[in-house]
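What follows is the content of run-v9.txt, which has compact mmCIF, C-alpha atoms and all ligand atoms:
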# COMPACT_ATOMS: atom_id res chain seq x y z
CA MET A 10 20.87 4.22 -21.53
CA ASN A 11 21.30 1.40 -19.10
CA HIS A 12 19.46 1.95 -15.84
CA ILE A 13 19.75 -0.63 -13.12
CA GLN A 14 16.87 -0.87 -10.70
CA ASN A 15 18.87 -1.00 -7.51
CA ASN A 16 22.57 -0.72 -7.03
CA SER A 17 22.50 0.37 -3.41
CA TRP A 18 23.74 -1.66 -0.45
CA ILE A 19 20.44 -0.70 1.19
CA GLU A 20 17.65 -3.10 0.32
CA VAL A 21 15.15 -1.80 -2.22
CA SER A 22 12.14 -3.80 -3.40
CA ILE A 23 11.56 -3.94 -7.16
CA ASP A 24 8.36 -1.90 -6.95
CA SER A 25 9.78 0.79 -4.66
CA ASP A 26 9.41 4.45 -5.60
CA PHE A 27 12.79 5.13 -4.02
CA PRO A 28 15.71 3.34 -5.67
CA LEU A 29 19.21 4.77 -5.37
CA GLN A 30 18.60 6.80 -8.56
CA ASN A 31 15.84 8.81 -6.88
CA ILE A 32 17.35 10.37 -3.72
CA PRO A 33 14.47 12.75 -3.00
CA PHE A 34 14.53 15.26 -0.14
CA GLY A 35 12.05 15.54 2.72
CA VAL A 36 11.70 16.34 6.42
CA PHE A 37 10.79 13.82 9.10
CA ARG A 38 10.21 13.78 12.82
CA HIS A 39 11.38 11.16 15.30
CA PRO A 40 8.36 9.94 17.27
CA VAL A 41 9.90 11.27 20.49
CA GLU A 42 11.03 14.64 19.16
CA LYS A 43 9.18 17.81 18.30
CA ASP A 44 11.47 19.13 15.61
CA GLY A 45 12.13 17.82 12.14
CA ARG A 46 15.30 16.77 10.39
CA CYS A 47 16.09 16.73 6.71
CA ALA A 48 16.26 13.34 5.10
CA THR A 49 16.41 11.28 1.97
CA ARG A 50 14.98 7.84 1.36
CA ILE A 51 16.23 4.61 -0.23
CA GLY A 52 13.66 1.80 -0.36
CA ASP A 53 11.85 1.85 2.98
CA THR A 54 14.85 3.37 4.75
CA VAL A 55 14.59 7.04 5.70
CA ILE A 56 18.09 8.46 6.09
CA ASP A 57 18.61 11.30 8.55
CA LEU A 58 20.91 13.79 6.82
CA SER A 59 21.49 15.72 10.05
CA GLN A 60 22.92 12.55 11.60
CA LEU A 61 25.16 11.94 8.57
CA ALA A 62 26.30 15.55 8.94
CA SER A 63 27.01 15.01 12.67
CA LEU A 64 29.10 11.99 11.75
CA GLY A 65 31.21 14.22 9.53
CA TYR A 66 30.24 12.82 6.14
CA PHE A 67 29.53 16.25 4.66
CA ASP A 68 32.65 17.94 6.08
CA ALA A 69 34.30 18.13 2.67
CA PHE A 70 31.43 20.18 1.27
CA GLU A 71 32.26 23.43 3.06
CA MET A 72 28.54 24.05 3.42
CA ASP A 73 26.43 25.27 6.32
CA LEU A 74 25.47 21.95 7.92
CA SER A 75 22.79 23.53 10.10
CA VAL A 76 20.45 23.35 7.09
CA PHE A 77 19.93 19.64 7.78
CA PHE A 78 18.64 20.36 11.30
CA GLU A 79 15.81 22.57 10.09
CA ASN A 80 12.05 21.91 10.08
CA HIS A 81 11.85 22.47 6.34
CA LEU A 82 14.08 22.25 3.30
CA ASN A 83 14.10 25.95 2.36
CA PRO A 84 17.57 26.70 3.84
CA PHE A 85 19.03 23.61 2.14
CA ILE A 86 17.43 24.48 -1.21
CA GLU A 87 18.62 28.10 -0.86
CA LEU A 88 22.22 26.86 -1.01
CA GLY A 89 21.61 26.46 -4.73
CA LYS A 90 21.79 23.58 -7.16
CA GLU A 91 25.60 23.71 -7.17
CA VAL A 92 25.44 22.44 -3.57
CA THR A 93 22.22 20.41 -3.52
CA THR A 94 23.13 18.49 -6.68
CA LYS A 95 26.56 17.72 -5.22
CA VAL A 96 24.94 16.42 -2.03
CA ARG A 97 22.57 14.24 -4.04
CA LEU A 98 25.34 12.81 -6.21
CA PHE A 99 27.42 12.17 -3.09
CA LEU A 100 24.55 10.20 -1.54
CA ILE A 101 24.09 8.15 -4.73
CA ASP A 102 27.78 7.25 -4.58
CA PHE A 103 27.93 6.79 -0.79
CA PHE A 104 25.07 4.29 -0.72
CA GLY A 105 26.13 2.53 -3.95
CA VAL A 106 27.20 -1.12 -3.94
CA GLN A 107 30.71 -0.06 -4.87
CA ASN A 108 30.99 1.56 -1.41
CA ILE A 109 29.81 -1.15 0.99
CA PRO A 110 31.10 -0.04 4.39
CA ASP A 111 32.84 -2.43 6.78
CA GLN A 112 30.88 -3.66 9.77
CA ASP A 113 31.97 -0.93 12.20
CA GLU A 114 31.36 1.89 9.80
CA ARG A 115 28.07 0.40 8.70
CA LYS A 116 26.91 0.38 12.30
CA MET A 117 27.78 4.06 12.57
CA ILE A 118 26.00 4.98 9.32
CA GLU A 119 22.96 2.97 10.35
CA SER A 120 22.45 5.32 13.31
CA SER A 121 20.93 7.62 10.64
CA PHE A 122 18.50 4.95 9.38
CA PHE A 123 14.80 4.82 10.22
CA ASP A 124 12.11 2.51 8.96
CA ALA A 125 9.69 4.65 6.93
CA LYS A 126 6.81 3.26 8.99
CA SER A 127 8.39 4.31 12.30
CA ILE A 128 8.65 8.04 11.63
CA GLU A 129 6.32 10.87 10.69
CA MET A 130 6.90 12.86 7.53
CA MET A 131 6.47 16.62 7.87
CA MET A 132 5.63 19.35 5.39
CA PRO A 133 8.91 19.41 3.39
CA ILE A 134 8.95 23.13 2.70
CA ARG A 135 7.60 26.32 4.12
CA VAL A 136 5.56 27.32 1.10
CA GLY A 137 5.90 30.95 0.10
CA ASP A 138 3.52 31.90 -2.66
CA TYR A 139 1.25 29.38 -4.30
CA THR A 140 -0.06 29.58 -7.85
CA ASP A 141 -2.41 27.10 -9.47
CA PHE A 142 -2.43 26.80 -13.24
CA TYR A 143 -5.08 25.32 -15.53
CA SER A 144 -2.78 23.66 -18.01
CA SER A 145 -4.52 20.44 -19.06
CA ILE A 146 -6.38 20.87 -22.32
CA ASP A 147 -8.60 17.88 -21.66
CA HIS A 148 -9.59 19.19 -18.23
CA ALA A 149 -10.23 22.74 -19.46
CA THR A 150 -12.24 21.38 -22.39
CA ASN A 151 -14.33 19.07 -20.19
CA VAL A 152 -15.15 21.86 -17.75
CA GLY A 153 -15.93 24.20 -20.63
CA ILE A 154 -18.33 21.68 -22.18
CA MET A 155 -20.08 21.07 -18.86
CA PHE A 156 -20.46 24.64 -17.69
CA ARG A 157 -20.38 26.85 -20.75
CA ASP A 158 -20.62 26.04 -24.41
CA PRO A 159 -19.64 22.71 -26.00
CA GLU A 160 -18.90 24.60 -29.25
CA ASN A 161 -16.54 27.02 -27.53
CA ALA A 162 -15.33 24.98 -24.58
CA LEU A 163 -12.00 26.78 -24.29
CA PHE A 164 -11.89 30.50 -23.59
CA PRO A 165 -10.24 32.50 -26.41
CA ASN A 166 -7.10 33.07 -24.29
CA TRP A 167 -6.53 29.41 -23.36
CA LYS A 168 -4.20 28.38 -26.19
CA HIS A 169 -2.28 31.65 -25.98
CA LEU A 170 -1.26 31.70 -22.32
CA PRO A 171 -1.09 29.32 -19.35
CA VAL A 172 -4.12 30.45 -17.34
CA GLY A 173 -3.59 30.49 -13.57
CA TYR A 174 -4.65 32.10 -10.31
CA HIS A 175 -2.88 33.02 -7.06
CA GLY A 176 -3.86 30.62 -4.31
CA ARG A 177 -3.23 30.41 -0.59
CA SER A 178 -0.23 28.69 0.99
CA SER A 179 -1.28 28.46 4.67
CA SER A 180 -3.51 25.44 4.07
CA ILE A 181 -1.10 23.37 1.97
CA VAL A 182 -0.43 20.30 4.10
CA VAL A 183 1.58 17.10 3.94
CA SER A 184 0.23 13.68 3.00
CA GLY A 185 -1.62 12.04 5.88
CA THR A 186 -3.28 15.25 7.06
CA LYS A 187 -7.04 14.92 7.39
CA ILE A 188 -9.30 17.68 6.12
CA HIS A 189 -12.78 18.56 7.36
CA ARG A 190 -15.52 19.03 4.81
CA PRO A 191 -15.72 22.81 4.35
CA LYS A 192 -18.84 24.87 5.01
CA GLY A 193 -19.91 27.89 3.07
CA GLN A 194 -22.43 29.50 0.78
CA ILE A 195 -23.99 27.28 -1.82
CA LEU A 196 -26.83 27.94 -4.23
CA PRO A 197 -29.33 25.07 -4.24
CA GLN A 198 -30.50 24.03 -7.70
CA GLY A 199 -33.37 26.24 -8.89
CA SER A 200 -32.84 28.79 -6.14
CA THR A 201 -31.70 32.38 -6.51
CA THR A 202 -30.58 32.91 -2.91
CA PRO A 203 -27.76 30.99 -1.24
CA ILE A 204 -27.86 28.86 1.90
CA PHE A 205 -25.11 28.14 4.42
CA SER A 206 -24.20 24.45 4.37
CA PRO A 207 -21.39 21.92 4.41
CA SER A 208 -20.26 21.36 0.83
CA ARG A 209 -22.30 18.62 -0.86
CA THR A 210 -19.97 18.15 -3.83
CA MET A 211 -16.49 17.53 -2.47
CA ASP A 212 -13.86 16.74 -5.05
CA PHE A 213 -10.14 16.10 -5.45
CA GLU A 214 -7.95 17.52 -8.19
CA LEU A 215 -5.15 15.35 -9.57
CA GLU A 216 -2.19 17.68 -9.95
CA MET A 217 1.58 17.86 -9.79
CA ALA A 218 3.48 20.83 -8.37
CA PHE A 219 6.98 22.20 -8.69
CA ILE A 220 9.05 24.00 -6.07
CA ILE A 221 11.17 27.06 -6.79
CA GLY A 222 14.85 26.54 -5.91
CA LYS A 223 16.32 29.91 -6.88
CA GLU A 224 15.00 33.40 -6.46
CA SER A 225 14.61 35.92 -9.25
CA ASP A 226 14.68 39.71 -9.05
CA LEU A 227 11.61 41.90 -9.11
CA GLY A 228 11.31 43.36 -12.59
CA SER A 229 13.18 40.55 -14.33
CA SER A 230 11.76 37.59 -16.26
CA ILE A 231 12.75 33.92 -16.47
CA SER A 232 12.96 32.58 -20.02
CA THR A 233 11.75 29.11 -20.98
CA SER A 234 15.38 28.05 -21.46
CA GLU A 235 16.39 29.29 -17.98
CA ALA A 236 13.35 27.87 -16.19
CA ASP A 237 14.83 24.47 -15.29
CA GLU A 238 17.55 26.21 -13.23
CA TYR A 239 14.82 27.73 -11.06
CA ILE A 240 12.93 24.48 -10.44
CA PHE A 241 14.26 22.40 -7.54
CA GLY A 242 11.89 19.48 -7.88
CA MET A 243 8.36 18.18 -7.96
CA LEU A 244 5.60 16.85 -5.71
CA ALA A 245 2.27 15.14 -6.18
CA PHE A 246 -0.52 17.58 -5.34
CA ASN A 247 -4.20 17.14 -4.47
CA ASP A 248 -6.07 20.42 -4.73
CA LEU A 249 -9.24 19.59 -2.79
CA SER A 250 -12.21 21.47 -4.18
CA ALA A 251 -15.74 22.16 -2.97
CA ARG A 252 -17.53 22.42 -6.31
CA ASP A 253 -20.77 23.93 -4.99
CA ILE A 254 -18.98 26.68 -3.04
CA GLN A 255 -16.73 27.28 -6.06
CA LYS A 256 -19.64 27.52 -8.49
CA TRP A 257 -21.45 30.24 -6.52
CA GLU A 258 -18.41 32.36 -5.64
CA TYR A 259 -16.03 32.25 -8.60
CA VAL A 260 -17.40 34.98 -10.87
CA PRO A 261 -15.76 37.42 -11.54
CA LEU A 262 -12.43 36.92 -9.70
CA GLY A 263 -11.97 33.16 -9.77
CA PRO A 264 -11.60 30.46 -7.09
CA PHE A 265 -11.66 31.53 -3.44
CA LEU A 266 -13.10 29.58 -0.46
CA GLY A 267 -14.00 26.55 -2.56
CA LYS A 268 -10.29 25.87 -2.98
CA ASN A 269 -8.28 27.24 -0.06
CA PHE A 270 -9.32 25.00 2.85
CA GLY A 271 -6.75 22.29 2.14
CA SER A 272 -4.38 21.04 -0.55
CA VAL A 273 -2.18 18.03 0.03
CA VAL A 274 1.40 17.35 -1.12
CA SER A 275 3.48 14.17 -1.15
CA PRO A 276 6.29 14.40 1.45
CA TRP A 277 9.31 13.81 -0.80
CA ILE A 278 10.52 16.39 -3.29
CA VAL A 279 11.81 14.49 -6.31
CA THR A 280 14.51 16.53 -8.05
CA LEU A 281 14.38 17.44 -11.74
CA GLU A 282 17.68 15.56 -12.08
CA ALA A 283 16.05 12.31 -10.94
CA LEU A 284 13.27 12.84 -13.50
CA GLU A 285 15.69 13.54 -16.35
CA PRO A 286 15.37 10.05 -17.98
CA PHE A 287 11.61 10.56 -18.24
CA ARG A 288 11.48 13.72 -20.33
CA VAL A 289 9.09 13.48 -23.27
CA LYS A 290 7.76 15.77 -25.95
CA GLY A 291 4.53 17.59 -25.14
CA SER A 292 1.55 18.07 -27.40
CA ASN A 293 1.81 20.31 -30.45
CA GLN A 294 0.81 23.84 -29.68
CA GLU A 295 -1.41 25.25 -32.37
CA PRO A 296 -1.72 28.20 -32.95
CA GLN A 297 1.92 29.01 -32.43
CA VAL A 298 2.55 30.72 -29.11
CA LEU A 299 4.19 34.14 -28.70
CA PRO A 300 8.01 34.14 -28.73
CA TYR A 301 8.40 34.42 -24.93
CA LEU A 302 6.47 31.12 -24.57
CA GLN A 303 8.38 29.23 -27.24
CA PHE A 304 10.91 26.64 -26.11
CA THR A 305 13.31 24.03 -27.38
CA GLY A 306 13.83 20.48 -26.16
CA MET A 307 11.55 18.08 -24.35
CA LYS A 308 9.82 19.83 -21.45
CA ASN A 309 7.10 17.36 -20.48
CA TYR A 310 7.57 14.35 -18.20
CA ASP A 311 6.21 10.83 -18.46
CA ILE A 312 4.84 10.53 -14.91
CA HIS A 313 2.04 8.04 -14.34
CA LEU A 314 -0.68 9.39 -12.07
CA ASP A 315 -3.02 6.99 -10.30
CA VAL A 316 -5.86 8.17 -8.09
CA ILE A 317 -6.96 5.65 -5.47
CA LEU A 318 -10.17 6.11 -3.50
CA GLU A 319 -10.21 4.18 -0.23
CA THR A 320 -13.53 3.81 1.56
CA GLN A 321 -13.96 3.85 5.32
CA ASP A 322 -13.81 0.04 5.30
CA GLY A 323 -10.39 0.12 3.69
CA VAL A 324 -11.45 -1.02 0.20
CA GLU A 325 -9.32 0.64 -2.50
CA THR A 326 -10.44 1.42 -6.06
CA VAL A 327 -8.26 3.04 -8.71
CA ILE A 328 -10.66 5.66 -10.06
CA SER A 329 -8.34 7.45 -12.49
CA LYS A 330 -5.13 6.79 -14.41
CA SER A 331 -3.64 9.88 -16.00
CA ASN A 332 -0.16 11.15 -16.89
CA HIS A 333 1.81 14.37 -16.43
CA LYS A 334 2.73 14.27 -20.13
CA TYR A 335 -0.82 15.28 -21.08
CA LEU A 336 -0.18 18.85 -19.90
CA TYR A 337 -0.54 21.31 -22.79
CA TRP A 338 1.54 23.99 -21.05
CA ASN A 339 4.81 22.75 -19.56
CA MET A 340 6.46 24.00 -16.38
CA CYS A 341 9.01 26.15 -18.24
CA GLN A 342 6.24 27.95 -20.09
CA GLN A 343 4.31 28.41 -16.84
CA LEU A 344 7.33 30.00 -15.17
CA ALA A 345 8.15 32.15 -18.20
CA HIS A 346 4.59 33.40 -18.32
CA HIS A 347 4.42 33.97 -14.55
CA THR A 348 7.49 36.23 -14.63
CA ILE A 349 7.08 37.95 -18.01
CA ASN A 350 5.52 40.97 -16.29
CA GLY A 351 8.42 41.26 -13.83
CA CYS A 352 6.86 39.24 -11.00
CA ASN A 353 9.68 37.71 -8.93
CA VAL A 354 9.81 34.16 -7.55
CA ARG A 355 11.28 33.00 -4.23
CA VAL A 356 12.68 29.75 -2.88
CA GLY A 357 9.81 27.64 -1.58
CA ASP A 358 7.16 29.03 -3.91
CA LEU A 359 4.85 26.29 -5.16
CA TYR A 360 3.34 26.10 -8.63
CA ALA A 361 0.65 23.53 -9.28
CA SER A 362 -0.25 22.28 -12.73
CA GLY A 363 -4.01 22.36 -12.50
CA THR A 364 -6.04 19.18 -12.80
CA ILE A 365 -4.28 16.77 -15.16
CA SER A 366 -6.87 14.92 -17.22
CA GLY A 367 -6.05 12.67 -20.13
CA PRO A 368 -8.02 12.19 -23.33
CA THR A 369 -10.10 9.18 -22.20
CA ASP A 370 -12.79 9.15 -19.52
CA GLU A 371 -10.82 6.80 -17.24
CA SER A 372 -8.00 9.36 -17.22
CA TYR A 373 -10.03 12.30 -15.90
CA GLY A 374 -8.37 13.99 -12.92
CA SER A 375 -11.41 15.00 -10.85
CA LEU A 376 -14.75 13.56 -9.74
CA LEU A 377 -16.41 16.50 -11.47
CA GLU A 378 -15.26 15.01 -14.77
CA LEU A 379 -15.45 11.32 -13.80
CA SER A 380 -19.11 11.79 -12.77
CA TRP A 381 -19.62 14.31 -15.59
CA GLY A 382 -21.01 17.01 -13.34
CA GLY A 383 -22.83 14.49 -11.14
CA THR A 384 -24.77 12.88 -13.99
CA LYS A 385 -22.85 9.56 -13.87
CA THR A 386 -21.85 7.28 -11.02
CA ILE A 387 -18.43 5.84 -10.28
CA GLN A 388 -18.47 2.20 -9.22
CA LEU A 389 -16.23 1.24 -6.30
CA LYS A 390 -14.93 -2.22 -5.50
CA ASP A 391 -16.95 -2.48 -2.30
CA GLY A 392 -20.16 -2.23 -4.37
CA THR A 393 -20.91 1.39 -3.44
CA GLU A 394 -21.08 4.29 -5.86
CA ARG A 395 -19.80 7.84 -5.81
CA LYS A 396 -20.45 11.07 -7.61
CA PHE A 397 -18.48 13.15 -5.11
CA LEU A 398 -16.58 12.28 -1.91
CA ASN A 399 -18.29 10.81 1.15
CA ASP A 400 -17.14 11.63 4.66
CA PHE A 401 -14.21 9.38 5.66
CA ASP A 402 -13.24 8.62 2.04
CA GLN A 403 -9.49 8.76 1.50
CA ILE A 404 -7.85 9.92 -1.72
CA ASN A 405 -4.30 8.87 -2.50
CA ILE A 406 -2.52 10.24 -5.56
CA HIS A 407 0.34 8.00 -6.57
CA ALA A 408 2.79 9.52 -9.03
CA TYR A 409 5.59 7.39 -10.51
CA CYS A 410 7.80 7.10 -13.58
CA LYS A 411 8.79 3.73 -14.96
CA MET A 412 10.91 2.30 -17.70
CA GLU A 413 12.34 -1.18 -18.07
CA ASN A 414 14.92 -1.08 -15.30
CA LEU A 415 14.10 2.11 -13.49
CA ARG A 416 11.23 3.36 -11.42
CA ILE A 417 11.20 6.77 -9.77
CA GLY A 418 8.19 7.65 -7.64
CA PHE A 419 6.81 10.21 -5.24
CA GLY A 420 5.34 7.99 -2.49
CA GLU A 421 1.90 8.71 -1.10
CA CYS A 422 -0.15 11.88 -1.37
CA ARG A 423 -2.99 10.87 0.88
CA THR A 424 -5.78 12.65 2.70
CA GLN A 425 -9.00 11.66 4.41
CA LEU A 426 -12.15 13.75 4.30
CA LEU A 427 -13.64 14.19 7.74
CA PRO A 428 -17.23 15.37 8.40
CA ALA A 429 -17.81 19.12 8.60
CA LYS A 430 -16.96 20.63 12.00
CA ILE A 431 -20.09 21.50 13.93
MN MN A 501 -6.51 23.12 -8.93

Represent the supplied structure as structure tokens.
Ligand code: MN
Amino acid sequence: MNHIQNNSWIEVSIDSDFPLQNIPFGVFRHPVEKDGRCATRIGDTVIDLSQLASLGYFDAFEMDLSVFFENHLNPFIELGKEVTTKVRLFLIDFFGVQNIPDQDERKMIESSFFDAKSIEMMMPIRVGDYTDFYSSIDHATNVGIMFRDPENALFPNWKHLPVGYHGRSSSIVVSGTKIHRPKGQILPQGSTTPIFSPSRTMDFELEMAFIIGKESDLGSSISTSEADEYIFGMLAFNDLSARDIQKWEYVPLGPFLGKNFGSVVSPWIVTLEALEPFRVKGSNQEPQVLPYLQFTGMKNYDIHLDVILETQDGVETVISKSNHKYLYWNMCQQLAHHTINGCNVRVGDLYASGTISGPTDESYGSLLELSWGGTKTIQLKDGTERKFLNDFDQINIHAYCKMENLRIGFGECRTQLLPAKI
């Protein structure tokens, strides 16, 4: 395969997440307007698809053009991959070097261009249901060693099904949104009665998420071979977690208020089609899984995942380097398992991977693991140390794929932790 880094007539820097081969979808807001418009991005140029539609460039598609004037991508995605893939391929051709417009036309097209720094990205979808899996074997093992039994770190079910829980969608927010340190019940060490307090052990969770692009019927199941048709694309995902609140509340029904006060997504949905060159084989699954979880082909993705902690003074430290390919359970298995009982999925549903840790300690996807339950310190470049997040710390998850001549990335997935509200 011969991939060329940039063959667009729009300028793209060599280290950009958004070459012509990406064409992700998002929603942005003009600084002077209240409502959003659907967009794509090439290099640092955000391209207003509603303006391209107004100029007549999508007239041949016989599609409902009002979808580009919406505050979220759900109506566009609902048109189905037959339409959305055609739109994406059209944009790749339209902005390709083989189609350099003349000066007059270029001026017209450029009325849809915005510098990425001059606009505000909005939440790209109205999230329906949100499920969080627990699909990294290294993460599940680390947590099992810390909190249960090093000899039996994984629960007996773990290698037989992708464990998950139903989360909350109202507090899923777009990159750049600041989150207040949550308050709640925590159990001080050595005590048997809880106190009410701001969380003292605030953590991030390095995750990726996928967005459903096609609904299924109640009572039916999606097979592993059909699953790709139901996945529109992916996002970077930071599932902020208050470990002390979580620890006290989670038995017997699982995570609740320690998890649902804020999760952050990157603003651009990168399509599965753009990620196609980066498919890789996952880890061997032993023991063999039940037939409905078996699959053929390569279902993991080689997506580099960097976690950057930025202190209040603006000093950045990369505190983790992991990869999406470390997931034991792939997205197709997650979707097959989620629907095997007849549970239906809807456009805009969001499925997160669970913390993605790698096998080495610099690839752990949470502070819980990096500080090994608060027993180790993490050194930052400004000379300070962390076990968990301080007020005003920022976490940015940067997800990107790279091969010799191609780089496809997700942009920023950033949030700042503010002090607890008094
Ligand atoms: Mn999580």

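Straight-line separation from CA of Ile328 in chain A to CA of Gln388 in chain A: 8.6 Å.
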
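Among the candidates A:Val36, A:Val324, A:Leu215, A:Ala429, the residue lying nearest to ligand MN 501 (chain A) is A:Leu215 (atoms considered: all atoms listed in the file).
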
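Remark: for Leu61 in chain A, the closest of the candidate residues A:Arg115, A:Lys95, A:Lys168, A:Lys385 is A:Arg115 (distances computed over all atoms listed in the file).
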
> To one decimal place, how far is CA of Lys396 in chain A from CA of Leu426 in chain A in Å?
Replying inline: 14.8 Å

> With all atoms listed in the file as the atoms that count, which of A:Cys47, A:Ala62, A:Met412, A:Ile19 lies nearest to Glu79 in chain A?
Replying inline: A:Cys47

> Expressed in Å to a single decimal, how great is the separation between CA of Lys308 in chain A and CA of Arg423 in chain A?
Replying inline: 27.3 Å
